[in-house]
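Peer 1: One structure is given below, represented as structure tokens, and several questions about it will come after.
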Amino acid sequence: MKDDNHNASDNGLVVMAPAELQVGMYVDLNCSWFKHPFQTKSFKISTQAQLATIKGLGLPSVLVDPRQSNVEAFAPAPTTVPPDTAPSSAAGDEREDPADQALPAAADYCETVHLAGQTFKQILKRGGHIMKQVSAGSEEGVSGAKSMINALSTLIMEATDSSTIASLFATEDGVNTGVLHALNVSTLSMIIARHLQLSPDDIRLVGMAGLLHDLGEQYIPVRILRNRSHLSKMEFRELQRHPEYTVELLQRVSQVPADVLDIIKCHHERLDGSGYPARLSGSQLSLPARIVLVVDEYDSLVHKQREAANLTPSEALGQMYAKAKSLFPEEVVVA
């Protein structure tokens, strides 16, 4: 299908503005995985909710495949009443749509913390269920995890002060400690990535890796996980395999980007090559990987299995900074 209003590519796809889309059209969003909330970037629009979501993504254009679309989706739109003939409402009844009201340029700090806190609590409540789905290899779970990261990254990138988000870090009653650790690593990694001026897509990649990095621990015997400081060499070698187990699990879910898997593989590597599982060092570790490995260690120090052994944030950073030149990337610890 080809007309005067839309450009058509050699493969039959039509370039359209999101505002022109209709339910029944088969679209290719033609953007990175993290810029949309759907399981795949190519699908037929089946509901008004999907249509509204696509229109709200801010994409300049999308690709449409007429061959896989419903014929009626391309029917001419019904004639509308010209604006100058439409009935006007009485002056006294004019009300601005709340959706059209611009947010203040500098939101009140307390209000920002409140709204961010509500969002963070909602994510905590959903986190356990979503992580169970991902652990089971569910694509629906990965899609839910991506939506969580998109919500968190939006908070982080729009906040004028990182402490707005960092102040939300606290143990919540009834929240699985593994889920809380995953969310802490994910959130703080994105805050650091923003501070180090990574791109929005890379910030989300870091967040996704932080969220999923320890899923492979489900394949490690519980007695090993509960007794990490007193393990035999054989038990410690088994514990060291959890990054590989995580990657193997996620490789079965086609949605997870390779960059996320690479970061997860490296979250226990160290600058001097003493880490695991591949003993990578120095320049072999990308900046996103360096961020996650530092944040994972930091959160493990301040949220230990035995609460009495927890370090304060300053103690944890001091301990890590002392080792920065040999084990941890100094620029990330400082950030």
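Residues are referred to by chain and number: the chain letter is A, B, ... according to the order shown in the structure tokens, the number counts from 1 in that chain, and ligands are numbered separately from 1 in the order shown.
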Need to verify the contact set: stretch 250-262 of chain A, 8 Å, only C-alpha atoms, exclusion of same-chain residues closer than 5 positions in sequence. Can you return it as a list in words?

Peer 2: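 Here the answer would be Gln39, Thr40, Gly137, Ser138, Glu139, Val142, Leu205, Val206, Met208, Ala209 and Ala289 of chain A.
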
Peer 1: Find the residues around stretch 213-230 of chain A up to 7 Å (only C-alpha atoms counted), leave out those fewer than 6 positions away in its own chain, and share them as a CSV table (one decimal) with C-alpha atoms, in the first residue's frame.

Peer 2:
chain,number,residue,atom,x,y,z
A,135,SER,CA,12.6,-16.6,37.8
A,239,LEU,CA,28.1,-19.9,45.0
A,242,HIS,CA,25.2,-17.8,40.3
A,243,PRO,CA,26.0,-15.1,37.7
A,245,TYR,CA,23.0,-19.4,36.3
A,246,THR,CA,21.3,-16.0,36.0
A,264,ILE,CA,25.0,-9.4,35.0

Peer 1: For A:Ala19, which residue out of A:Val295, A:His36, A:Lys41, A:Leu51 is the nearest one, using only C-alpha atoms?

Peer 2: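 Selected residue with least distance to A:Ala19: A:Leu51.
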
Peer 1: Considering only C-alpha atoms, state which residue in the set A:Phe43, A:Val179, A:Ile263, A:Leu231 is at the smallest distance from A:Glu244.

Peer 2: A:Ile263

Peer 1: Can you list, as a list in words, every protein, DNA or RNA residue that comes within 10 Å of stretch 306-320 of chain A when you count only C-alpha atoms, leaving out same-chain residues fewer than 4 positions away?

Peer 2: Val294, Glu297, Tyr298, Asp299, Ser300, Leu301, Val302, Ala324, Lys325, Ser326, Leu327, Phe328, Pro329, Glu330, Val333 and Val334 of chain A

Peer 1: Hey, what's within 6 Å of stretch 44-49 of chain A if we count only C-alpha atoms and toss same-chain stuff fewer than 5 positions away? As JSON, numbers by chain, please?

Peer 2: {"A": [23, 24, 25, 26]}

Peer 1: Convert the current residue selection to file output with N, CA, C and O atoms, as an mmCIF file, in the first residue's frame.

Peer 2:
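Result written to out_32.cif:
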data_model
loop_
_atom_site.group_PDB
_atom_site.id
_atom_site.type_symbol
_atom_site.label_atom_id
_atom_site.label_comp_id
_atom_site.auth_asym_id
_atom_site.auth_seq_id
_atom_site.Cartn_x
_atom_site.Cartn_y
_atom_site.Cartn_z
ATOM 1 N N VAL A 23 -6.587 1.458 15.611
ATOM 2 C CA VAL A 23 -6.690 0.076 16.075
ATOM 3 C C VAL A 23 -6.836 -0.823 14.851
ATOM 4 O O VAL A 23 -7.566 -0.499 13.913
ATOM 5 N N GLY A 24 -6.121 -1.929 14.848
ATOM 6 C CA GLY A 24 -6.155 -2.843 13.713
ATOM 7 C C GLY A 24 -4.924 -2.761 12.838
ATOM 8 O O GLY A 24 -4.697 -3.624 11.991
ATOM 9 N N MET A 25 -4.100 -1.720 13.031
ATOM 10 C CA MET A 25 -2.867 -1.590 12.255
ATOM 11 C C MET A 25 -1.762 -2.437 12.878
ATOM 12 O O MET A 25 -1.636 -2.517 14.101
ATOM 13 N N TYR A 26 -0.956 -3.056 12.029
ATOM 14 C CA TYR A 26 0.204 -3.833 12.497
ATOM 15 C C TYR A 26 1.419 -2.909 12.459
ATOM 16 O O TYR A 26 1.811 -2.430 11.392
#

Peer 1: Which residue, A:Arg270, A:His303, A:His195, A:Arg290, has the smallest gap to A:Thr177 when you use only C-alpha atoms?

Peer 2: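 The answer is A:His303, which sits nearest to A:Thr177.
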
Peer 1: Between atom CA of A:Pro277 and atom CA of A:Glu235, what is the distance, to one decimal in Å?

Peer 2: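 Computed distance, atom CA of A:Pro277 to atom CA of A:Glu235, equals 14.3 Å.
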
Peer 1: From the set A:Ala335, A:Ala136, A:Leu287, A:Val27, which residue has the shortest atom-to-atom contact distance to A:Ser69, counting only C-alpha atoms?

Peer 2: A:Val27

Peer 1: Check the smallest atom-to-atom distance from each of A:Arg194, A:Lys146, A:Lys55, A:His129 to A:Pro18 using only C-alpha atoms, then report the winner.

Peer 2: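 Closest to A:Pro18 of all the choices is A:Lys55.
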
Peer 1: Considering only helix (DSSP H, G or I) as DSSP defines it on the backbone, what residues of stretch 25-64 of chain A qualify? List them as a list in words.

Peer 2: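 The helix (DSSP H, G or I) subset of stretch 25-64 of chain A is Trp33, Phe34, Lys35, Gln48, Ala49, Gln50, Leu51, Ala52, Thr53, Ile54 and Lys55 of chain A.
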
Peer 1: Could you take the residues named above and write them with C-alpha atoms, as a PDB file, in the first residue's frame?

Peer 2:
ATOM      1  CA  TRP A  33      13.479  -2.216  23.617  1.00  0.00           C
ATOM      2  CA  PHE A  34      13.540   0.159  26.587  1.00  0.00           C
ATOM      3  CA  LYS A  35      11.642   2.971  24.892  1.00  0.00           C
ATOM      4  CA  GLN A  48      -7.527   1.828  22.431  1.00  0.00           C
ATOM      5  CA  ALA A  49      -5.237   1.558  25.478  1.00  0.00           C
ATOM      6  CA  GLN A  50      -2.385   0.261  23.293  1.00  0.00           C
ATOM      7  CA  LEU A  51      -3.057   3.042  20.789  1.00  0.00           C
ATOM      8  CA  ALA A  52      -2.962   5.699  23.509  1.00  0.00           C
ATOM      9  CA  THR A  53       0.271   4.248  24.907  1.00  0.00           C
ATOM     10  CA  ILE A  54       1.982   4.372  21.513  1.00  0.00           C
ATOM     11  CA  LYS A  55       0.856   7.947  20.947  1.00  0.00           C
TER      12      LYS A  55
END
